[in-house]
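Asker: I have a structure here, written as structure tokens, and I will follow up with some questions on it.
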Amino acid sequence: MSFTRLLAVARKEVIHILRDSRSLFIVVIMPVTLMLLFGYGVSLDLKGLPVYVLDRDGSQQSQDLLKRFQSSEYFHVARVVDGYPAMTRALDDGSAKMGIVIPWDFSLRLRSGGPVQVQALVDATDDNSANVVIGYAQAVVQGYSGDVQLNWLEARGQPVQAASVSVDARTWYNEDLESSAFIVPGVLALVMSVIGAFLTSLTIAREWERGSMEQLISTPVSAMEIMLGKLAPYFVLGMFDVLVCALIAIDWFHVPFRGSYATLFVSSALFMVVVLSLGFLISVVAKSQFAASQIALLITFLPAFLLSGFLFSIEQMPVPLQWLTRILPARYYVSVLKKIFLKGTPTAMLSADLIPLAVFAVVLALIATRAFHKRLE
Amino acid sequence: MPEPVNAVVVENLVKRFGDFVAVDRLNLAVRKGEVFGFLGPNGAGKSTTIRMLCGLLTPTSGRAQVAGFDVGRKPEAVRQNIGYMSQKFSLYNDLKVIENLRLFAGLYSVPAKDLQERIEWALTMANLKGQENLITATLPGGWKQRLALGCAVLHRPPILFLDEPTSGVDPISRRKFWDLIHQMAEEGVTVFVTTHYMEEAEYCNRLALIFRGKMVALGTPSELKRDSMKGELLLVECAPLGSAVEALQSVSDVMDAAVFGNALHLVVRDATAAGPLIATYLADHGIAVSRMEKIRPTLEDVFVSLTTASDAEKERKP
């Protein structure tokens with residue numbers, strides 16, 4: 001291993017990056033864009049859902065109930081309609097997510113102490129959101145119902161029983177229940193997949209495509225020196241982007257950071273080695289920029305997006321998919337990120353994630369060094 | 001270890017790609033300090049051979065030694081002793097001239113104390129002084145070739161492999177490039193160069209003619225012109241040329257007929273005997289002969305004659 005030769009390759013790679021506006025764009029603009037996109041654009045919180053109302057009773061009581069919907073931060077009573085057709089249209093075209101129908105005998109039945117039902121029509125295209133919406137609606141109606149019962153008892157001179165059971169929920173880790181706090185840390189895995197696998201597979205495939213690899217391997221530079229020299233600049237860039245993303249997450253989105261910076265650095269470095277090795281392997285196999293970029297997106301970016309637990313919780317996935325995620329390095333990295341950002345889990349307790357990540361890094365790096373030969377065949 | 005006299009020794013070298021035999025039992029030896037030309041049409045196996053000699057392709061069978069090292073077993077030792085210019089221009093276009101030179105100086109581990117002097121030397125040699133900060137992509141073709149040569153010789157290799165170094169370069173630049181090659185050779189560098197330009201082949205000390213993976217002739221340009229023709233060469237100036245070629249197809253004495261400029265080159269067994277016969281024959285066909293003489297063959301004549309002979313042989317033995 002000659003440091004002079006390694007440095008020569010690395011220096012040339014840095015010049016390539018500095019002179020290529022596209023890679024500079026990816027390195028500088030993409031992380032910021034992805035952070036903002038996911039921080040603002042993707043919200044799993046359901047707030048201010050548009051609700052259409054059909055009040056067939058039109059009484060004081062029905063208005064009370066509707067006010068409760070209106071005052072809940074989850075709902076926004078967008079319009080009061082006077083018939084089913086308008087309600088159906090609104091649900092069809094998506095201007096309403098829920099329709100509330102109050103029956104004509106609502107106040108009558110309440111006064112007589114009978115059971116009353118309020119109809120909720122829910123757009124369940126997205127089943128998850130629908131479940132949440134139904135839950136919110138039930139909570140609103142139950143609150144109302146409880147008060148009605150209290151009033152009823154009071155009006156009849158019964159002693160008001162304070163005995164009731166309620167849940168006193170304390171939300172830990174993500175106290176404000178902000179989905180950005182859940183999502184934003186995972187963006188680091190996406191950014192690094194792009195820098196590590198996508199960019200490096202492109203730069204090496206480019207050398208094969210343009211014939212410069214032939215000139216390079218005709219010199220005494222070793223396969224290992226080519227690999228390390230070409231990957232080192234991208235390692236530095238990837239780690240720089242980790243820093244940028246972490247700063248945006250903490251200072252801009254106010255995501256709490258409770259773990260250790262050293263652990264963030266080590267886990268990011270391990271994941272960087274994983275994606276760089278994958279990028280390198282892909283370029284050895286593909287040898288064309290187009291194929292390399294497609295494969296890189298397919299085997300690093302997509303899994304990091306869909307199966308890493310970044311957006312969709314792994315526990316909620318079908319069991320075979322859960323198994324599949326075990327062979328995805330991104331899964332372990334995202335898990336570490338969420339824990340050190342939000343929970344501040346001590347490093348020693350992260351071994352279930354850090355050890356697989358380290359194993360992936362070592363194994364893939366070894367395979368990558370073996371796969372590349374200074375031969376044209 | 002005794003100094004070997006030959007810079008390159010090739011024994012029974014074979015390269016197959018699937019069923020295709022790119023290089024077929026090649027044997028040759030290149031002496032130290034010689035400009036050795038490897039001449040043949042595209043697809044003859046020139047690049048494949050040169051790539052095997054540089055350790056970029058593994059021979060299917062046979063042996064090759066470069067600078068005393070076996071290319072299969074000690075490719076790295078070979079690489080330290082050679083400079084290589086691949087067929088396609090393959091320096092980095094987005095790097096400056098000086099950056100390309102520094103890169104290759106680094107790759108060849110040129111010691112820091114020699115770096116400045118070596119780069120100066122390469123710039124002077126390639127006539128690129130003052131152009132250090134130009135982006136390589138903006139250089140004209142001939143300059144690029146000279147820069148590529150400069151990069152390949154920064155570490156003063158004793159052996160230089162040039163794969164069609166002048167393809168796509170204008171004739172004046174090509175001429176200058178050959179001056180550089182001879183300058184290197186005078187300094188004792190062995191140059192192994194492939195080309196399909198016949199006039200370039202004349203600049204070589206010795207030539208191997210390669211066709212369909214096989215070597216069909218080997219010698220100095222004058223030896224090849226003297227000895228390798230099967231038959232003698234007649235120059236015939238006549239008009240119209242087209243119908244003359246056609247008419248001569250049926251004359252058994254004429255082994256081959258080809259148009260060269262405004263005349264025909266005819267390959268015949270015995271020029272003195274065949275001349276009058278052909279003159280009469282052409283006159284009978286209404287073709288006027290203005291000049292006819294026996295000439296010394298050019299390399300192109302030799303090459304065409306050898307390759308058609310090789311083809312004919314192949315047809316006989318399917």
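Following the order of the structure tokens, first chain is A, next is B, and so on, with residues numbered from 1 inside each chain and ligands from 1 in the order they appear.
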Apply DSSP to the backbone of this structure and, from range 33-239 of chain A, keep only the residues in alpha helix (DSSP H); write these as number ranges by chain.

Answerer: A: 33-36, 60-71, 84-93, 106-112, 127-155, 179-193, 200-210, 212-217, 223-239

Asker: Name all residues at most 12 Å from Gln322 in chain A (count only C-alpha atoms; drop same-chain ones fewer than 3 positions away) and give them as a ChimeraX atom specification.

Answerer: /A:306-309,312-319,325-328,331

Asker: Using N, CA and C atoms, can you write the selected residues to a file as a PDB file, in the first residue's frame?

Answerer:
ATOM      1  N   LEU A 306     -38.210   2.605   2.277  1.00  0.00           N
ATOM      2  CA  LEU A 306     -39.440   1.867   2.554  1.00  0.00           C
ATOM      3  C   LEU A 306     -39.329   0.890   3.716  1.00  0.00           C
ATOM      4  N   LEU A 307     -38.182   0.245   3.844  1.00  0.00           N
ATOM      5  CA  LEU A 307     -38.112  -0.897   4.755  1.00  0.00           C
ATOM      6  C   LEU A 307     -37.225  -0.676   5.971  1.00  0.00           C
ATOM      7  N   SER A 308     -36.683   0.520   6.109  1.00  0.00           N
ATOM      8  CA  SER A 308     -35.721   0.721   7.189  1.00  0.00           C
ATOM      9  C   SER A 308     -36.388   1.132   8.494  1.00  0.00           C
ATOM     10  N   GLY A 309     -37.698   1.375   8.455  1.00  0.00           N
ATOM     11  CA  GLY A 309     -38.349   1.912   9.641  1.00  0.00           C
ATOM     12  C   GLY A 309     -38.270   3.427   9.668  1.00  0.00           C
ATOM     13  N   PHE A 312     -42.126   3.938   7.885  1.00  0.00           N
ATOM     14  CA  PHE A 312     -43.115   2.938   8.251  1.00  0.00           C
ATOM     15  C   PHE A 312     -42.514   2.025   9.301  1.00  0.00           C
ATOM     16  N   SER A 313     -43.215   1.902  10.395  1.00  0.00           N
ATOM     17  CA  SER A 313     -42.668   1.139  11.503  1.00  0.00           C
ATOM     18  C   SER A 313     -42.542  -0.341  11.136  1.00  0.00           C
ATOM     19  N   ILE A 314     -41.372  -0.908  11.416  1.00  0.00           N
ATOM     20  CA  ILE A 314     -41.092  -2.287  11.034  1.00  0.00           C
ATOM     21  C   ILE A 314     -42.041  -3.249  11.736  1.00  0.00           C
ATOM     22  N   GLU A 315     -42.402  -2.940  12.988  1.00  0.00           N
ATOM     23  CA  GLU A 315     -43.290  -3.834  13.751  1.00  0.00           C
ATOM     24  C   GLU A 315     -44.647  -3.979  13.072  1.00  0.00           C
ATOM     25  N   GLN A 316     -45.029  -2.987  12.262  1.00  0.00           N
ATOM     26  CA  GLN A 316     -46.337  -3.030  11.611  1.00  0.00           C
ATOM     27  C   GLN A 316     -46.298  -3.767  10.280  1.00  0.00           C
ATOM     28  N   MET A 317     -45.095  -4.186   9.863  1.00  0.00           N
ATOM     29  CA  MET A 317     -45.001  -4.813   8.538  1.00  0.00           C
ATOM     30  C   MET A 317     -45.379  -6.283   8.631  1.00  0.00           C
ATOM     31  N   PRO A 318     -45.792  -6.885   7.505  1.00  0.00           N
ATOM     32  CA  PRO A 318     -46.025  -8.329   7.496  1.00  0.00           C
ATOM     33  C   PRO A 318     -44.734  -9.055   7.911  1.00  0.00           C
ATOM     34  N   VAL A 319     -44.917 -10.205   8.537  1.00  0.00           N
ATOM     35  CA  VAL A 319     -43.760 -10.903   9.104  1.00  0.00           C
ATOM     36  C   VAL A 319     -42.638 -11.186   8.083  1.00  0.00           C
ATOM     37  N   THR A 325     -36.156  -7.076   6.457  1.00  0.00           N
ATOM     38  CA  THR A 325     -35.478  -5.871   6.931  1.00  0.00           C
ATOM     39  C   THR A 325     -34.211  -6.207   7.708  1.00  0.00           C
ATOM     40  N   ARG A 326     -34.127  -7.435   8.211  1.00  0.00           N
ATOM     41  CA  ARG A 326     -32.940  -7.799   8.999  1.00  0.00           C
ATOM     42  C   ARG A 326     -31.675  -7.818   8.148  1.00  0.00           C
ATOM     43  N   ILE A 327     -31.836  -8.023   6.842  1.00  0.00           N
ATOM     44  CA  ILE A 327     -30.632  -8.010   6.003  1.00  0.00           C
ATOM     45  C   ILE A 327     -30.383  -6.633   5.396  1.00  0.00           C
ATOM     46  N   LEU A 328     -31.101  -5.637   5.868  1.00  0.00           N
ATOM     47  CA  LEU A 328     -30.900  -4.286   5.353  1.00  0.00           C
ATOM     48  C   LEU A 328     -30.096  -3.463   6.354  1.00  0.00           C
ATOM     49  N   ARG A 331     -31.749  -0.455   8.111  1.00  0.00           N
ATOM     50  CA  ARG A 331     -32.640  -0.667   9.235  1.00  0.00           C
ATOM     51  C   ARG A 331     -31.925  -0.389  10.559  1.00  0.00           C
TER      52      ARG A 331
END

Asker: Go through chain A residue by residue and, counting only C-alpha atoms, keep those with an atom at most 9 Å from chain B; for each kept residue give the shortest atom pair and its distance in Å to one decimal, ordered by chain and increasing number, as a Markdown table.

Answerer:
| residue | atom | partner | partner_atom | distance |
| --- | --- | --- | --- | --- |
| A:Ser2 | CA | B:Ser109 | CA | 8.2 |
| A:Thr4 | CA | B:Gly106 | CA | 5.8 |
| A:Arg5 | CA | B:Leu107 | CA | 4.7 |
| A:Leu6 | CA | B:Leu107 | CA | 7.9 |
| A:Leu7 | CA | B:Gly106 | CA | 7.7 |
| A:Ala8 | CA | B:Gly106 | CA | 5.1 |
| A:Val9 | CA | B:Leu103 | CA | 7.0 |
| A:Arg11 | CA | B:Leu103 | CA | 8.0 |
| A:Lys12 | CA | B:Leu103 | CA | 6.8 |
| A:Ile15 | CA | B:Leu95 | CA | 7.2 |
| A:His16 | CA | B:Asp94 | CA | 6.8 |
| A:Arg19 | CA | B:Asp94 | CA | 7.1 |
| A:Asp20 | CA | B:Asp94 | CA | 8.5 |
| A:Glu207 | CA | B:Ser90 | CA | 8.9 |
| A:Arg210 | CA | B:Ser90 | CA | 6.9 |
| A:Gly211 | CA | B:Ser90 | CA | 5.5 |
| A:Ser212 | CA | B:Ser90 | CA | 4.4 |
| A:Met213 | CA | B:Ser90 | CA | 7.9 |
| A:Glu214 | CA | B:Ser86 | CA | 7.3 |
| A:Gln215 | CA | B:Ser90 | CA | 6.2 |
| A:Leu216 | CA | B:Leu107 | CA | 8.2 |
| A:Ile217 | CA | B:Leu56 | CA | 7.4 |
| A:Ser218 | CA | B:Arg79 | CA | 6.2 |
| A:Thr219 | CA | B:Arg79 | CA | 5.5 |
| A:Pro220 | CA | B:Arg79 | CA | 5.3 |
| A:Val221 | CA | B:Leu107 | CA | 5.7 |
| A:Ser222 | CA | B:Glu76 | CA | 8.4 |
| A:Lys374 | CA | B:Leu56 | CA | 6.8 |
| A:Arg375 | CA | B:Leu56 | CA | 4.8 |
| A:Leu376 | CA | B:Leu56 | CA | 5.7 |
| A:Glu377 | CA | B:Leu57 | CA | 6.6 |

Asker: As a PyMOL selection string, please: the residues near Phe303 in chain B (cut-off 10 Å, only C-alpha atoms, same-chain neighbours under 2 positions excluded).

Answerer: chain B and resi 39-41+198+209-211+216-217+224-225+228-229+297-301+305-309

Asker: Could you state the separation of CA of Leu28 in chain B and CA of Ser167 in chain B in Å, given to one decimal place?

Answerer: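 We find that CA of Leu28 in chain B and CA of Ser167 in chain B lie 24.6 Å from each other.
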
Asker: For Pro329 in chain A, which of A:Val165, A:Ala189, A:Cys245, A:Val266 is the closest residue, counting only C-alpha atoms?

Answerer: A:Ala189

Asker: For a quick check of understanding, using only C-alpha atoms, which of B:Ser47, B:Gln116, B:Asn6, B:Gln131 has the smallest distance to Lys32 in chain B?

Answerer: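 Using only C-alpha atoms, the shortest distance to Lys32 in chain B belongs to B:Asn6.
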
Asker: I'd like the neighbourhood of range 60-75 of chain A as a ChimeraX atom specification, where a residue qualifies if any of its atoms comes within 6 Å (using only C-alpha atoms), though same-chain residues fewer than 3 positions away should be ignored.

Answerer: /A:47-49,107

Asker: Give me, as a short mmCIF file (atom, residue, chain, number, x, y, z; two decimals) with N, CA and C atoms, in the first residue's frame, the residues of range 169-302 of chain B that a backbone DSSP run labels strand (DSSP E).

Answerer:
data_model
loop_
_atom_site.label_atom_id
_atom_site.label_comp_id
_atom_site.auth_asym_id
_atom_site.auth_seq_id
_atom_site.Cartn_x
_atom_site.Cartn_y
_atom_site.Cartn_z
N THR B 190 12.60 1.08 -25.24
CA THR B 190 12.01 0.16 -26.21
C THR B 190 10.58 0.61 -26.45
N VAL B 191 10.22 0.76 -27.73
CA VAL B 191 8.86 1.21 -28.04
C VAL B 191 8.13 0.13 -28.82
N PHE B 192 7.00 -0.29 -28.27
CA PHE B 192 6.16 -1.28 -28.93
C PHE B 192 4.90 -0.53 -29.36
N VAL B 193 4.72 -0.38 -30.68
CA VAL B 193 3.64 0.50 -31.13
C VAL B 193 2.76 -0.20 -32.15
N THR B 194 1.44 -0.08 -31.98
CA THR B 194 0.55 -0.65 -32.97
C THR B 194 0.04 0.46 -33.87
N THR B 195 -0.25 0.09 -35.09
CA THR B 195 -0.79 1.08 -36.02
C THR B 195 -1.48 0.36 -37.17
N ARG B 206 11.59 -2.53 -36.71
CA ARG B 206 11.10 -3.82 -37.18
C ARG B 206 9.59 -3.85 -37.08
N LEU B 207 9.01 -4.73 -37.88
CA LEU B 207 7.56 -4.79 -37.96
C LEU B 207 7.08 -6.22 -37.83
N ALA B 208 5.96 -6.40 -37.15
CA ALA B 208 5.24 -7.67 -37.23
C ALA B 208 3.92 -7.37 -37.91
N LEU B 209 3.62 -8.13 -38.95
CA LEU B 209 2.32 -7.97 -39.61
C LEU B 209 1.37 -8.98 -39.00
N ILE B 210 0.26 -8.48 -38.51
CA ILE B 210 -0.67 -9.39 -37.85
C ILE B 210 -2.01 -9.31 -38.55
N PHE B 211 -2.59 -10.49 -38.73
CA PHE B 211 -3.86 -10.58 -39.45
C PHE B 211 -4.67 -11.71 -38.86
N LYS B 214 -3.07 -13.84 -36.21
CA LYS B 214 -1.83 -14.55 -36.52
C LYS B 214 -0.79 -13.59 -37.08
N MET B 215 0.47 -13.88 -36.75
CA MET B 215 1.53 -13.08 -37.34
C MET B 215 1.80 -13.63 -38.72
N VAL B 216 1.71 -12.77 -39.76
CA VAL B 216 1.91 -13.26 -41.13
C VAL B 216 3.29 -12.89 -41.66
N ALA B 217 3.98 -11.95 -41.02
CA ALA B 217 5.35 -11.63 -41.46
C ALA B 217 6.05 -10.85 -40.36
N LEU B 218 7.38 -10.92 -40.37
CA LEU B 218 8.17 -10.20 -39.37
C LEU B 218 9.48 -9.80 -40.00
N GLY B 219 9.88 -8.55 -39.80
CA GLY B 219 11.16 -8.11 -40.34
C GLY B 219 11.26 -6.60 -40.36
N GLU B 232 6.22 -10.58 -58.07
CA GLU B 232 6.79 -9.27 -58.33
C GLU B 232 5.66 -8.28 -58.62
N LEU B 233 6.06 -7.02 -58.63
CA LEU B 233 5.04 -5.99 -58.73
C LEU B 233 5.21 -5.18 -60.01
N LEU B 234 4.12 -5.06 -60.72
CA LEU B 234 4.12 -4.26 -61.94
C LEU B 234 3.23 -3.05 -61.75
N LEU B 235 3.78 -1.88 -62.11
CA LEU B 235 2.93 -0.69 -62.10
C LEU B 235 2.44 -0.46 -63.52
N VAL B 236 1.13 -0.32 -63.64
CA VAL B 236 0.57 -0.12 -64.97
C VAL B 236 -0.30 1.13 -64.96
N GLU B 237 0.10 2.12 -65.77
CA GLU B 237 -0.75 3.29 -65.92
C GLU B 237 -1.59 3.09 -67.17
N CYS B 238 -2.90 3.10 -67.00
CA CYS B 238 -3.76 2.88 -68.14
C CYS B 238 -5.11 3.51 -67.89
N ALA B 239 -5.94 3.55 -68.91
CA ALA B 239 -7.27 4.11 -68.74
C ALA B 239 -8.25 3.33 -69.61
N VAL B 254 -1.88 -12.89 -63.51
CA VAL B 254 -2.05 -11.79 -62.55
C VAL B 254 -2.63 -12.36 -61.26
N MET B 255 -1.81 -12.35 -60.20
CA MET B 255 -2.26 -12.92 -58.94
C MET B 255 -3.14 -11.95 -58.17
N ASP B 256 -2.87 -10.68 -58.38
CA ASP B 256 -3.69 -9.69 -57.69
C ASP B 256 -3.61 -8.37 -58.43
N ALA B 257 -4.70 -7.62 -58.43
CA ALA B 257 -4.71 -6.31 -59.07
C ALA B 257 -5.39 -5.32 -58.14
N ALA B 258 -4.74 -4.18 -57.93
CA ALA B 258 -5.34 -3.18 -57.05
C ALA B 258 -5.05 -1.79 -57.60
N VAL B 259 -5.98 -0.86 -57.38
CA VAL B 259 -5.80 0.51 -57.85
C VAL B 259 -5.01 1.30 -56.81
N PHE B 260 -3.93 1.95 -57.24
CA PHE B 260 -3.15 2.85 -56.39
C PHE B 260 -3.08 4.19 -57.09
N ALA B 263 -2.94 4.57 -61.06
CA ALA B 263 -2.31 3.42 -61.71
C ALA B 263 -2.76 2.13 -61.05
N LEU B 264 -2.37 1.01 -61.68
CA LEU B 264 -2.67 -0.30 -61.11
C LEU B 264 -1.38 -0.92 -60.57
N HIS B 265 -1.50 -1.62 -59.46
CA HIS B 265 -0.40 -2.47 -59.00
C HIS B 265 -0.81 -3.91 -59.24
N LEU B 266 -0.02 -4.60 -60.07
CA LEU B 266 -0.35 -5.99 -60.37
C LEU B 266 0.71 -6.90 -59.76
N VAL B 267 0.26 -7.92 -59.08
CA VAL B 267 1.20 -8.91 -58.55
C VAL B 267 1.29 -10.05 -59.56
N VAL B 268 2.52 -10.29 -60.03
CA VAL B 268 2.73 -11.36 -61.03
C VAL B 268 3.93 -12.20 -60.60
N ALA B 288 -5.91 1.54 -73.14
CA ALA B 288 -4.63 2.11 -73.54
C ALA B 288 -3.67 2.11 -72.37
N VAL B 289 -2.48 1.52 -72.57
CA VAL B 289 -1.46 1.50 -71.52
C VAL B 289 -0.45 2.61 -71.81
N SER B 290 -0.28 3.55 -70.87
CA SER B 290 0.64 4.65 -71.11
C SER B 290 2.00 4.40 -70.47
N ARG B 291 2.03 3.54 -69.45
CA ARG B 291 3.31 3.28 -68.78
C ARG B 291 3.23 1.93 -68.11
N MET B 292 4.33 1.18 -68.12
CA MET B 292 4.36 -0.10 -67.42
C MET B 292 5.78 -0.33 -66.96
N GLU B 293 5.94 -0.55 -65.64
CA GLU B 293 7.30 -0.86 -65.18
C GLU B 293 7.26 -1.71 -63.92
N LYS B 294 8.36 -2.41 -63.69
CA LYS B 294 8.48 -3.22 -62.49
C LYS B 294 8.87 -2.28 -61.35
N ILE B 295 8.15 -2.35 -60.24
CA ILE B 295 8.48 -1.45 -59.12
C ILE B 295 8.76 -2.23 -57.86
#

Asker: What is the distance between CA of Met349 in chain A and CA of Glu175 in chain A, in Å to one decimal?

Answerer: 21.8 Å

Asker: Do a neighbour search on Ser277 in chain A at 8 Å with only C-alpha atoms, toss out local chain neighbours closer than 5 positions, and write the hits as a list in words.

Answerer: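 My reading of the contact set: Ala197, Ala361, Leu364, Ala365 and Ala368 of chain A.
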
Asker: Those residues with N, CA and C atoms, as a PDB file, in the first residue's frame please?

Answerer:
ATOM      1  N   ALA A 197     -23.750   5.311  -2.211  1.00  0.00           N
ATOM      2  CA  ALA A 197     -23.904   4.282  -3.233  1.00  0.00           C
ATOM      3  C   ALA A 197     -24.092   4.884  -4.617  1.00  0.00           C
ATOM      4  N   ALA A 361     -20.608  -3.648   7.590  1.00  0.00           N
ATOM      5  CA  ALA A 361     -19.537  -2.775   7.098  1.00  0.00           C
ATOM      6  C   ALA A 361     -18.293  -3.599   6.766  1.00  0.00           C
ATOM      7  N   LEU A 364     -19.058  -6.281   3.753  1.00  0.00           N
ATOM      8  CA  LEU A 364     -19.217  -5.656   2.440  1.00  0.00           C
ATOM      9  C   LEU A 364     -17.909  -5.028   1.963  1.00  0.00           C
ATOM     10  N   ALA A 365     -17.171  -4.411   2.884  1.00  0.00           N
ATOM     11  CA  ALA A 365     -15.895  -3.805   2.493  1.00  0.00           C
ATOM     12  C   ALA A 365     -14.937  -4.884   1.994  1.00  0.00           C
ATOM     13  N   ALA A 368     -16.019  -6.042  -1.416  1.00  0.00           N
ATOM     14  CA  ALA A 368     -15.707  -5.010  -2.420  1.00  0.00           C
ATOM     15  C   ALA A 368     -14.230  -5.064  -2.807  1.00  0.00           C
TER      16      ALA A 368
END

Asker: Extract, using only C-alpha atoms, all DNA, RNA and protein residues at most 6 Å from range 191-193 of chain A, discarding same-chain residues fewer than 4 positions from it, and format them as a list in words.

Answerer: Pro31, Ala197, Gly238, Val275, Thr300 and Phe301 of chain A

Asker: Set the distance at 10 Å and use only C-alpha atoms: which residues neighbour Thr369 in chain A once local chain neighbours fewer than 4 positions away are removed? I'd like the list as a ChimeraX atom specification.

Answerer: /A:223-228,277,280-281,364-365,373

Asker: Filtering to N, CA and C atoms, could you give me those residues as an mmCIF file, in the first residue's frame?

Answerer:
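Written out: again_38.cif:
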data_model
loop_
_atom_site.group_PDB
_atom_site.id
_atom_site.type_symbol
_atom_site.label_atom_id
_atom_site.label_comp_id
_atom_site.auth_asym_id
_atom_site.auth_seq_id
_atom_site.Cartn_x
_atom_site.Cartn_y
_atom_site.Cartn_z
ATOM 1 N N ALA A 223 -5.293 -2.310 -6.589
ATOM 2 C CA ALA A 223 -6.757 -2.278 -6.561
ATOM 3 C C ALA A 223 -7.245 -1.603 -5.278
ATOM 4 N N MET A 224 -6.579 -1.930 -4.167
ATOM 5 C CA MET A 224 -6.965 -1.357 -2.881
ATOM 6 C C MET A 224 -6.761 0.162 -2.873
ATOM 7 N N GLU A 225 -5.649 0.609 -3.483
ATOM 8 C CA GLU A 225 -5.382 2.051 -3.514
ATOM 9 C C GLU A 225 -6.407 2.784 -4.376
ATOM 10 N N ILE A 226 -6.804 2.159 -5.488
ATOM 11 C CA ILE A 226 -7.836 2.773 -6.331
ATOM 12 C C ILE A 226 -9.125 2.895 -5.530
ATOM 13 N N MET A 227 -9.487 1.793 -4.859
ATOM 14 C CA MET A 227 -10.753 1.782 -4.132
ATOM 15 C C MET A 227 -10.743 2.827 -3.024
ATOM 16 N N LEU A 228 -9.719 2.789 -2.184
ATOM 17 C CA LEU A 228 -9.691 3.730 -1.057
ATOM 18 C C LEU A 228 -9.559 5.168 -1.542
ATOM 19 N N SER A 277 -19.186 0.664 0.061
ATOM 20 C CA SER A 277 -18.816 -0.668 -0.441
ATOM 21 C C SER A 277 -19.854 -1.150 -1.444
ATOM 22 N N PHE A 280 -19.416 0.680 -4.662
ATOM 23 C CA PHE A 280 -18.227 0.185 -5.350
ATOM 24 C C PHE A 280 -18.518 -1.161 -6.017
ATOM 25 N N LEU A 281 -19.174 -2.059 -5.260
ATOM 26 C CA LEU A 281 -19.526 -3.378 -5.803
ATOM 27 C C LEU A 281 -20.426 -3.245 -7.024
ATOM 28 N N LEU A 364 -19.058 -6.281 3.753
ATOM 29 C CA LEU A 364 -19.217 -5.656 2.440
ATOM 30 C C LEU A 364 -17.909 -5.028 1.963
ATOM 31 N N ALA A 365 -17.171 -4.411 2.884
ATOM 32 C CA ALA A 365 -15.895 -3.805 2.493
ATOM 33 C C ALA A 365 -14.937 -4.884 1.994
ATOM 34 N N HIS A 373 -10.750 -6.201 -9.711
ATOM 35 C CA HIS A 373 -9.470 -6.693 -10.190
ATOM 36 C C HIS A 373 -8.922 -5.723 -11.217
#

Asker: For each of A:Leu18, A:Phe341, A:Ile26, A:Phe106, take the minimum atom-to-atom distance to Leu247 in chain A, counting only C-alpha atoms, then give the residue where this is smallest.

Answerer: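 Answer, going by the shortest atom-to-atom distance: A:Phe341.
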
Asker: Which distance in Å separates CA of Val23 in chain B and CA of Val285 in chain A, to one decimal?

Answerer: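 Computing the Euclidean distance for CA of Val23 in chain B and CA of Val285 in chain A yields 26.3 Å.
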
Asker: Measuring between only C-alpha atoms, which one of B:Val169, B:Leu154, B:Ile119, B:Leu53 shows the shortest distance to Gly141 in chain B?

Answerer: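 So, comparing all the options, the nearest one is B:Val169.
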